[in-house]
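J.: Contents of protein_0.txt (compact mmCIF, C-alpha atoms) are given next:
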```
# COMPACT_ATOMS: atom_id res chain seq x y z
CA MET A 1 -32.82 -61.37 39.56
CA THR A 2 -29.61 -62.01 41.41
CA ALA A 3 -26.90 -59.40 41.96
CA SER A 4 -24.55 -61.26 39.61
CA THR A 5 -27.17 -61.30 36.84
CA GLY A 6 -27.70 -57.52 37.17
CA SER A 7 -23.97 -56.95 37.11
CA ASN A 8 -23.60 -59.01 33.92
CA ARG A 9 -26.36 -57.01 32.23
CA LEU A 10 -24.63 -53.74 33.15
CA LYS A 11 -21.37 -55.04 31.75
CA ARG A 12 -23.07 -56.09 28.50
CA SER A 13 -24.76 -52.67 28.22
CA ALA A 14 -21.50 -50.86 28.82
CA ARG A 15 -19.76 -53.07 26.27
CA ALA A 16 -22.48 -52.37 23.69
CA ALA A 17 -22.25 -48.64 24.36
CA LEU A 18 -18.49 -48.73 23.85
CA ILE A 19 -18.95 -50.60 20.58
CA VAL A 20 -21.44 -47.98 19.35
CA VAL A 21 -19.13 -45.13 20.35
CA GLY A 22 -16.22 -46.86 18.65
CA MET A 23 -18.20 -47.32 15.45
CA VAL A 24 -19.26 -43.65 15.47
CA LEU A 25 -15.67 -42.53 15.96
CA LEU A 26 -14.48 -44.86 13.22
CA LEU A 27 -17.08 -43.47 10.83
CA ALA A 28 -16.08 -39.90 11.76
CA LEU A 29 -12.48 -40.75 10.96
CA ILE A 30 -13.17 -42.49 7.67
CA VAL A 31 -16.27 -40.93 6.09
CA PRO A 32 -14.71 -37.48 5.37
CA PHE A 33 -12.16 -39.19 3.12
CA LEU A 34 -14.98 -40.83 1.16
CA VAL A 35 -16.79 -37.56 0.43
CA PRO A 36 -15.97 -36.35 -3.09
CA VAL A 37 -14.42 -32.87 -3.34
CA PRO A 38 -14.54 -32.12 -7.06
CA PRO A 39 -12.49 -29.17 -8.34
CA LEU A 40 -14.42 -26.04 -9.21
CA PRO A 41 -14.62 -25.43 -12.95
CA GLY A 42 -13.59 -22.26 -14.70
CA LEU A 43 -11.22 -20.83 -12.07
CA VAL A 44 -8.45 -18.59 -13.40
CA ALA A 45 -5.24 -16.89 -12.30
CA PRO A 46 -5.86 -13.62 -10.42
CA GLU A 47 -4.08 -11.61 -13.11
CA GLN A 48 -6.88 -12.49 -15.52
CA LEU A 49 -9.39 -10.70 -13.28
CA ALA A 50 -7.27 -7.61 -12.64
CA ASP A 51 -8.34 -4.06 -13.42
CA PRO A 52 -6.35 -1.52 -15.49
CA ASP A 53 -5.12 0.12 -12.26
CA SER A 54 -4.16 -3.19 -10.59
CA GLU A 55 -0.56 -3.91 -9.61
CA PHE A 56 0.97 -7.15 -8.39
CA ILE A 57 3.85 -6.53 -5.99
CA GLU A 58 5.89 -9.23 -4.25
CA VAL A 59 6.04 -8.70 -0.48
CA ASN A 60 7.38 -11.23 2.03
CA GLY A 61 7.34 -13.87 -0.69
CA LEU A 62 3.72 -13.24 -1.71
CA ARG A 63 2.28 -11.55 -4.80
CA LEU A 64 -0.07 -8.89 -3.47
CA HIS A 65 -2.79 -7.22 -5.49
CA VAL A 66 -2.35 -3.49 -4.87
CA LYS A 67 -4.11 -0.32 -6.02
CA ARG A 68 -2.40 3.06 -5.68
CA SER A 69 -3.68 6.56 -6.32
CA GLY A 70 -2.83 10.14 -5.35
CA GLN A 71 0.60 11.41 -4.49
CA GLY A 72 2.66 12.96 -1.72
CA GLU A 73 2.03 13.02 1.99
CA PRO A 74 0.24 11.80 3.96
CA VAL A 75 0.24 8.17 2.88
CA MET A 76 -2.91 6.22 3.73
CA ILE A 77 -2.96 2.42 3.70
CA LEU A 78 -6.46 0.96 3.52
CA LEU A 79 -7.03 -2.41 5.21
CA HIS A 80 -10.24 -4.25 4.36
CA GLY A 81 -12.18 -6.55 6.65
CA PHE A 82 -12.88 -10.28 6.69
CA GLY A 83 -14.31 -11.55 3.41
CA SER A 84 -13.72 -8.20 1.71
CA HIS A 85 -11.02 -6.78 -0.57
CA THR A 86 -9.77 -3.55 -2.16
CA GLU A 87 -13.11 -2.80 -3.82
CA SER A 88 -14.59 -2.05 -0.41
CA TRP A 89 -12.79 1.32 -0.72
CA ARG A 90 -13.67 1.93 -4.36
CA THR A 91 -16.11 4.80 -3.75
CA VAL A 92 -13.97 6.77 -1.27
CA ARG A 93 -10.52 6.27 -2.80
CA PRO A 94 -10.69 9.24 -5.23
CA ALA A 95 -11.56 11.74 -2.48
CA LEU A 96 -8.85 10.35 -0.19
CA ALA A 97 -6.35 10.45 -3.07
CA ALA A 98 -7.06 14.17 -3.44
CA VAL A 99 -5.34 14.79 -0.07
CA GLY A 100 -2.43 12.33 -0.26
CA THR A 101 -1.26 8.92 -1.44
CA VAL A 102 -3.72 6.05 -1.07
CA ILE A 103 -2.70 2.39 -1.11
CA ALA A 104 -5.21 -0.45 -0.87
CA PHE A 105 -4.27 -4.10 -1.10
CA ASP A 106 -5.87 -7.53 -0.86
CA ARG A 107 -4.75 -9.58 2.08
CA PRO A 108 -3.95 -13.30 1.52
CA ALA A 109 -7.13 -15.42 1.18
CA PHE A 110 -9.07 -12.45 -0.19
CA GLY A 111 -9.33 -10.48 -3.42
CA LEU A 112 -6.72 -11.11 -6.09
CA SER A 113 -3.60 -11.59 -3.96
CA GLU A 114 -1.69 -14.86 -4.09
CA ARG A 115 -3.20 -17.80 -2.20
CA PRO A 116 -0.35 -20.19 -1.32
CA LEU A 117 -1.27 -23.75 -0.36
CA ALA A 118 2.21 -24.68 0.89
CA TRP A 119 4.82 -22.66 2.71
CA SER A 120 7.77 -22.85 5.05
CA GLY A 121 8.05 -20.75 8.18
CA VAL A 122 5.24 -18.46 9.30
CA ASN A 123 1.76 -19.34 8.11
CA PRO A 124 0.90 -16.54 5.62
CA TYR A 125 -2.73 -16.69 6.75
CA SER A 126 -1.89 -16.11 10.40
CA HIS A 127 -2.55 -12.77 12.01
CA ALA A 128 1.13 -12.23 12.77
CA ALA A 129 1.92 -12.61 9.06
CA GLN A 130 -0.87 -10.18 8.17
CA VAL A 131 0.65 -7.57 10.47
CA ASP A 132 4.14 -8.04 9.06
CA LEU A 133 2.71 -7.83 5.55
CA VAL A 134 1.68 -4.21 6.14
CA ILE A 135 5.22 -3.29 7.18
CA GLY A 136 6.67 -5.36 4.34
CA LEU A 137 4.57 -3.47 1.81
CA MET A 138 5.63 -0.15 3.31
CA ASP A 139 9.27 -1.18 3.07
CA ARG A 140 8.81 -2.38 -0.50
CA LEU A 141 7.29 0.97 -1.52
CA GLY A 142 9.72 3.10 0.48
CA ILE A 143 7.11 4.40 2.92
CA GLU A 144 8.46 5.37 6.33
CA ARG A 145 5.19 6.27 8.07
CA ALA A 146 1.55 5.89 7.12
CA ILE A 147 -1.97 6.52 8.32
CA LEU A 148 -3.66 3.14 8.67
CA VAL A 149 -7.34 3.06 7.77
CA GLY A 150 -8.81 -0.28 8.81
CA ASN A 151 -12.35 -1.59 8.61
CA SER A 152 -13.55 -4.39 10.90
CA MET A 153 -10.77 -7.02 11.00
CA GLY A 154 -8.62 -4.46 9.22
CA GLY A 155 -9.07 -2.24 12.26
CA MET A 156 -7.72 -5.01 14.46
CA THR A 157 -4.71 -5.39 12.16
CA SER A 158 -4.14 -1.62 12.18
CA LEU A 159 -4.01 -1.63 15.97
CA GLN A 160 -1.63 -4.56 16.03
CA VAL A 161 0.70 -2.81 13.58
CA ALA A 162 0.62 0.34 15.72
CA LEU A 163 1.41 -1.65 18.86
CA ARG A 164 4.27 -3.61 17.30
CA TYR A 165 5.68 -0.89 15.03
CA PRO A 166 4.67 2.45 16.59
CA ALA A 167 7.35 4.42 14.75
CA ARG A 168 5.85 3.40 11.39
CA VAL A 169 2.30 4.58 12.09
CA ARG A 170 1.36 8.23 11.77
CA ALA A 171 -2.28 7.91 12.82
CA LEU A 172 -5.16 5.45 12.93
CA VAL A 173 -8.62 5.53 11.40
CA LEU A 174 -10.57 2.60 12.83
CA VAL A 175 -13.82 1.92 11.01
CA ASP A 176 -16.16 -0.34 13.02
CA PRO A 177 -13.06 -2.15 14.32
CA ALA A 178 -13.39 -5.77 15.43
CA VAL A 179 -11.32 -5.38 18.58
CA TYR A 180 -13.10 -7.24 21.33
CA GLY A 181 -13.56 -10.62 19.69
CA GLY A 182 -11.11 -13.49 19.60
CA GLY A 183 -10.33 -16.18 17.09
CA ALA A 184 -11.19 -19.85 17.27
CA SER A 185 -10.73 -21.65 20.57
CA PRO A 186 -7.78 -24.05 20.88
CA ILE A 187 -10.16 -27.01 20.58
CA MET A 188 -11.77 -25.56 17.46
CA ARG A 189 -8.37 -24.82 15.92
CA PHE A 190 -7.34 -28.42 16.60
CA LEU A 191 -10.48 -29.74 14.91
CA LEU A 192 -10.13 -27.39 11.94
CA ASN A 193 -6.62 -28.70 11.35
CA THR A 194 -7.45 -32.41 11.53
CA PRO A 195 -6.97 -34.29 8.24
CA GLN A 196 -10.70 -35.00 8.15
CA LEU A 197 -11.86 -31.39 8.30
CA ARG A 198 -9.03 -30.20 6.09
CA ARG A 199 -10.27 -32.72 3.53
CA LEU A 200 -13.75 -31.15 3.70
CA GLY A 201 -12.42 -27.60 3.99
CA PRO A 202 -13.09 -26.56 0.37
CA LEU A 203 -16.70 -27.74 0.65
CA LEU A 204 -17.18 -25.76 3.86
CA ALA A 205 -15.68 -22.66 2.22
CA ARG A 206 -17.94 -23.04 -0.81
CA SER A 207 -21.02 -23.30 1.40
CA GLN A 208 -20.10 -20.03 3.10
CA ALA A 209 -19.38 -18.25 -0.18
CA SER A 210 -22.78 -19.24 -1.51
CA GLN A 211 -24.29 -16.96 1.14
CA ILE A 212 -22.68 -13.73 -0.14
CA SER A 213 -25.92 -12.39 -1.57
CA ARG A 214 -27.43 -12.73 1.90
CA LEU A 215 -24.44 -11.78 4.06
CA LEU A 216 -23.44 -8.57 2.28
CA PRO A 217 -26.83 -6.87 2.74
CA SER A 218 -26.68 -7.73 6.45
CA ALA A 219 -23.58 -5.51 6.72
CA TYR A 220 -25.67 -2.55 5.55
CA HIS A 221 -28.32 -0.68 7.54
CA ASP A 222 -30.25 -0.23 4.29
CA PRO A 223 -29.88 -3.46 2.27
CA ALA A 224 -31.37 -1.71 -0.76
CA LYS A 225 -28.04 0.12 -1.13
CA VAL A 226 -26.29 -3.13 -2.05
CA THR A 227 -26.13 -2.65 -5.80
CA PRO A 228 -25.68 -5.50 -8.29
CA GLU A 229 -22.34 -3.90 -9.17
CA MET A 230 -21.07 -4.13 -5.59
CA LEU A 231 -22.34 -7.68 -5.28
CA ALA A 232 -20.46 -8.56 -8.48
CA PHE A 233 -17.25 -7.07 -7.01
CA TYR A 234 -17.59 -9.32 -3.98
CA GLU A 235 -18.26 -12.39 -6.11
CA ARG A 236 -15.35 -11.80 -8.50
CA PRO A 237 -12.63 -13.31 -6.22
CA LEU A 238 -14.63 -16.55 -6.22
CA LYS A 239 -13.36 -17.05 -9.76
CA VAL A 240 -9.72 -17.14 -8.63
CA GLU A 241 -7.93 -20.48 -8.54
CA ASN A 242 -7.66 -22.06 -5.07
CA TRP A 243 -9.91 -19.44 -3.45
CA ASP A 244 -11.84 -22.11 -1.54
CA ARG A 245 -8.77 -23.85 -0.13
CA ALA A 246 -7.13 -20.55 0.82
CA PHE A 247 -10.30 -19.34 2.53
CA TYR A 248 -10.29 -22.48 4.65
CA GLU A 249 -6.58 -22.02 5.43
CA PHE A 250 -7.39 -18.57 6.78
CA ILE A 251 -10.20 -19.97 8.95
CA ALA A 252 -8.02 -22.85 10.14
CA ALA A 253 -5.26 -20.44 11.16
CA GLY A 254 -7.88 -18.96 13.48
CA ASP A 255 -5.34 -17.09 15.59
CA MET A 256 -6.90 -13.64 15.77
CA PRO A 257 -5.77 -12.05 19.04
CA GLY A 258 -8.32 -11.59 21.77
CA ALA A 259 -9.42 -8.31 23.28
CA LEU A 260 -6.78 -5.57 23.10
CA GLY A 261 -8.39 -3.37 25.71
CA GLU A 262 -5.39 -3.20 28.03
CA ASP A 263 -2.82 -3.00 25.22
CA ILE A 264 -4.39 -0.11 23.34
CA LYS A 265 -4.29 2.05 26.46
CA ARG A 266 -0.60 2.62 25.76
CA LEU A 267 -1.11 3.99 22.24
CA SER A 268 -0.15 7.62 21.87
CA LEU A 269 -0.94 8.60 18.31
CA PRO A 270 -3.85 10.45 16.69
CA THR A 271 -6.83 8.12 16.35
CA LEU A 272 -10.27 8.48 14.82
CA VAL A 273 -12.85 5.79 15.51
CA LEU A 274 -15.91 5.57 13.26
CA THR A 275 -18.98 3.42 13.70
CA GLY A 276 -22.18 3.00 11.81
CA GLU A 277 -25.10 3.87 14.06
CA PHE A 278 -26.78 0.56 13.27
CA ASP A 279 -23.83 -1.78 12.83
CA THR A 280 -25.08 -5.31 13.59
CA TRP A 281 -21.70 -7.00 12.96
CA VAL A 282 -19.63 -5.05 15.48
CA ALA A 283 -21.88 -3.34 18.00
CA PRO A 284 -21.43 0.47 18.10
CA GLU A 285 -20.84 0.15 21.84
CA GLN A 286 -17.60 -1.66 21.07
CA SER A 287 -16.36 1.21 18.88
CA VAL A 288 -17.31 3.67 21.61
CA ARG A 289 -15.31 1.57 24.05
CA VAL A 290 -12.28 1.66 21.72
CA SER A 291 -12.51 5.44 21.46
CA GLN A 292 -12.69 5.75 25.23
CA THR A 293 -9.74 3.40 25.78
CA ILE A 294 -7.21 4.92 23.37
CA PRO A 295 -5.95 8.16 24.93
CA GLY A 296 -7.21 11.21 23.04
CA ALA A 297 -9.11 9.24 20.41
CA GLN A 298 -11.94 10.93 18.53
CA LEU A 299 -15.29 9.25 17.83
CA ALA A 300 -17.65 9.73 14.89
CA VAL A 301 -21.00 7.95 14.75
CA ILE A 302 -22.41 7.82 11.22
CA PRO A 303 -26.23 8.00 11.29
CA ASN A 304 -28.36 5.42 9.49
CA CYS A 305 -25.36 3.34 8.54
CA GLY A 306 -24.13 -0.19 9.10
CA HIS A 307 -20.80 -2.03 9.25
CA VAL A 308 -19.16 -0.70 6.07
CA PRO A 309 -19.77 3.08 6.00
CA GLN A 310 -17.15 3.57 3.28
CA GLU A 311 -19.53 1.63 1.01
CA GLU A 312 -22.97 2.44 2.38
CA CYS A 313 -22.47 6.06 3.51
CA PRO A 314 -19.38 7.30 1.61
CA GLN A 315 -20.12 11.03 1.93
CA ALA A 316 -20.57 10.86 5.69
CA PHE A 317 -17.45 8.69 5.90
CA LEU A 318 -15.41 11.26 3.97
CA GLN A 319 -16.79 14.18 5.99
CA ALA A 320 -15.35 12.55 9.10
CA VAL A 321 -12.11 11.14 7.68
CA VAL A 322 -10.80 13.82 5.30
CA PRO A 323 -10.50 16.65 7.90
CA PHE A 324 -8.82 14.24 10.31
CA VAL A 325 -6.32 13.10 7.67
CA GLN A 326 -5.60 16.66 6.63
CA ALA A 327 -4.98 17.68 10.26
CA VAL A 328 -2.60 14.84 11.13
CA GLY A 329 -0.91 15.03 7.73
CA ARG A 330 0.35 18.60 8.14
```
Would you write the structure of this file as structure tokens?

T.:
Amino acid sequence: MTASTGSNRLKRSARAALIVVGMVLLLALIVPFLVPVPPLPGLVAPEQLADPDSEFIEVNGLRLHVKRSGQGEPVMILLHGFGSHTESWRTVRPALAAVGTVIAFDRPAFGLSERPLAWSGVNPYSHAAQVDLVIGLMDRLGIERAILVGNSMGGMTSLQVALRYPARVRALVLVDPAVYGGGASPIMRFLLNTPQLRRLGPLLARSQASQISRLLPSAYHDPAKVTPEMLAFYERPLKVENWDRAFYEFIAAGDMPGALGEDIKRLSLPTLVLTGEFDTWVAPEQSVRVSQTIPGAQLAVIPNCGHVPQEECPQAFLQAVVPFVQAVGR
């Protein structure tokens, strides 16, 4: 075989490889638009799923689903985690309401709050908008300062509110806070916002939601404590119109801030950090680290408990939180 013959074969092989790559890319660009995305049947407006104590309050242009109980000071605002909603606090709300005013609300993409599919200005599913929503709700209800009680991603939001609006935060209760994780990488965010993946977004959201019966028990140390009633509460928002598209919008926003380790060193307000002893979603070591980084923070480790102690271990949760709230609320 001559050198020229070998060179021609290499050129033909390279040309064939380029053709294959081009065909694969073309298919990747076209096929998503050929996949059917049928609408989900039986979805309803969130108001149709509301409870007798539900309120819908417009804040920053969004209709938020809010539950209020108790009265007077201190005011506690409860911030749920990713994939959760106000019912995560259902068991502990009455005891907290006995010592002050309790406000829980569903953040956009979750629960019964509005799920916009078009907007101008700041993306309502972005983390910056979530932070401003807390302050907007406080302004709407005439609340000057509040104790923020945040679980998981809600703990991250609580910290961000305290860092951006320190004069509005009286104290922090961080429950298994998701502090040391970041959002999607820039490449992933780019891919999630391509027309192709946005077309398939509802299908991806539906596939994740179908795993609730498996995912919720994994947040508990004792999965047997996940009652059918609690599972039904978590499945209820899946009956709300546009829940799948809004869930994907939240994922596509993907702009959760990274580690706040250096920032939270400058906080100077009373802080209680709680962690379930056997949290497998946010390692207890991370909560310990948060408590050691925030000056003067207290730490409570709840034995035999997982990621959502307010649900799984409500009495132990209240034994830690109520005295703290009473002390800072004087």

J.: Can you pull out the residues contacting Val282 of chain A? Cut-off 12 Å, using only C-alpha atoms, and skip same-chain residues under 2 positions away; I want them as a PyMOL selection string.

T.: chain A and resi 81+151-153+155-156+175-181+218-220+274-280+284-290+306-308

J.: If we count all atoms listed in the file and set the cut-off at 12 Å, which residues sit around Ile187 of chain A, ignoring sequence neighbours fewer than 5 positions away in its own chain? Please answer as a ChimeraX atom specification.

T.: /A:192-194,252,254

J.: Could you list, as a compact mmCIF listing (two decimals) with C-alpha atoms, in the coordinates of the input, every residue within 12 Å of Val102 of chain A, counting all atoms listed in the file and ignoring same-chain residues fewer than 4 positions away?

T.:
```txt
# COMPACT_ATOMS: atom_id res chain seq x y z
CA VAL A 66 -2.35 -3.49 -4.87
CA LYS A 67 -4.11 -0.32 -6.02
CA ARG A 68 -2.40 3.06 -5.68
CA SER A 69 -3.68 6.56 -6.32
CA GLY A 70 -2.83 10.14 -5.35
CA GLN A 71 0.60 11.41 -4.49
CA GLY A 72 2.66 12.96 -1.72
CA GLU A 73 2.03 13.02 1.99
CA PRO A 74 0.24 11.80 3.96
CA VAL A 75 0.24 8.17 2.88
CA MET A 76 -2.91 6.22 3.73
CA ILE A 77 -2.96 2.42 3.70
CA LEU A 78 -6.46 0.96 3.52
CA LEU A 79 -7.03 -2.41 5.21
CA THR A 86 -9.77 -3.55 -2.16
CA TRP A 89 -12.79 1.32 -0.72
CA ARG A 90 -13.67 1.93 -4.36
CA VAL A 92 -13.97 6.77 -1.27
CA ARG A 93 -10.52 6.27 -2.80
CA PRO A 94 -10.69 9.24 -5.23
CA ALA A 95 -11.56 11.74 -2.48
CA LEU A 96 -8.85 10.35 -0.19
CA ALA A 97 -6.35 10.45 -3.07
CA ALA A 98 -7.06 14.17 -3.44
CA ILE A 143 7.11 4.40 2.92
CA ALA A 146 1.55 5.89 7.12
CA ILE A 147 -1.97 6.52 8.32
CA LEU A 148 -3.66 3.14 8.67
CA VAL A 149 -7.34 3.06 7.77
CA VAL A 325 -6.32 13.10 7.67
```

J.: What separation in Å, quoted to one decimal, exists between atom CA of Ala232 of chain A and atom CA of Ser88 of chain A?

T.: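 Separating atom CA of Ala232 of chain A from atom CA of Ser88 of chain A is a distance of 11.9 Å.
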
J.: Please, what distance in Å, to one decimal, runs between atom CA of Asp53 of chain A and atom CA of Arg330 of chain A?

T.: 28.1 Å

J.: Could you jot down the atom CA of Val169 of chain A to atom CA of Ser291 of chain A separation for me, Å, one decimal place?

T.: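 According to the coordinates, atom CA of Val169 of chain A and atom CA of Ser291 of chain A are separated by 17.5 Å.
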
J.: Using all atoms listed in the file, find each residue in segment 161-263 of chain A having at least one atom no more than 10 Å away from segment 133-136 of chain A; report its shortest atom-to-atom pair and that distance in Å (one decimal), rows by chain then rising number, as JSON lines.

T.:
```
{"residue": "A:Val161", "atom": "CA", "partner": "A:Val134", "partner_atom": "CA", "distance": 7.6}
{"residue": "A:Tyr165", "atom": "CA", "partner": "A:Ile135", "partner_atom": "CA", "distance": 8.2}
{"residue": "A:Arg168", "atom": "CA", "partner": "A:Ile135", "partner_atom": "CA", "distance": 7.9}
{"residue": "A:Val169", "atom": "CA", "partner": "A:Ile135", "partner_atom": "CA", "distance": 9.7}
```

J.: Under the rule that all atoms listed in the file are counted, which of A:Leu238, A:Ala50, A:Glu311, A:Pro166 is the nearest residue to Leu216 of chain A?

T.: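 Among the listed residues, the smallest separation from Leu216 of chain A belongs to A:Glu311.
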
J.: Taking all atoms listed in the file into account, name the residue in A:Leu49, A:Ala253, A:Ala104, A:Pro186 that is nearest to Ala128 of chain A.

T.: A:Ala253

J.: When distances are computed from only C-alpha atoms, which of A:Ala109, A:Met230, A:Ala316, A:Leu40 shows the smallest separation from Leu64 of chain A?

T.: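 Counting only C-alpha atoms, the residue closest to Leu64 of chain A is A:Ala109.
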
J.: Tell me, as a count of residues only, which residues lie within 7 Å of segment 294-296 of chain A, counting all atoms listed in the file; anything in the same chain fewer than 6 positions away does not count.

T.: 4

J.: Can you work out which one of A:Gly121, A:Asp263, A:Ala209, A:Phe233 has the shortest atom-to-atom distance to Gln160 of chain A, counting all atoms listed in the file?

T.: A:Asp263

J.: Can you pull out every residue within 9 Å of Gly42 of chain A, counting all atoms listed in the file, but drop anything in the same chain fewer than 3 positions away, and send it as a list of chain:residue names?

T.: A:Lys239, A:Val240, A:Glu241

J.: I need the chosen residues saved as a PDB file, in the coordinates of the input, with C-alpha atoms.

T.:
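part-v1.pdb, written as the output of this step:
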```pdb
ATOM      1  CA  LYS A 239     -13.360 -17.050  -9.760  1.00  0.00           C
ATOM      2  CA  VAL A 240      -9.720 -17.140  -8.630  1.00  0.00           C
ATOM      3  CA  GLU A 241      -7.930 -20.480  -8.540  1.00  0.00           C
TER       4      GLU A 241
END
```

J.: Counting all atoms listed in the file, which residue out of A:Arg107, A:Arg170, A:Gln130, A:Ser113 sits closest to Gly329 of chain A?

T.: A:Arg170

J.: Can you work out which one of A:His85, A:Arg63, A:Arg140, A:His80 has the shortest atom-to-atom distance to Pro124 of chain A, counting only C-alpha atoms?

T.: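 Answer, going by the shortest atom-to-atom distance: A:Arg63.
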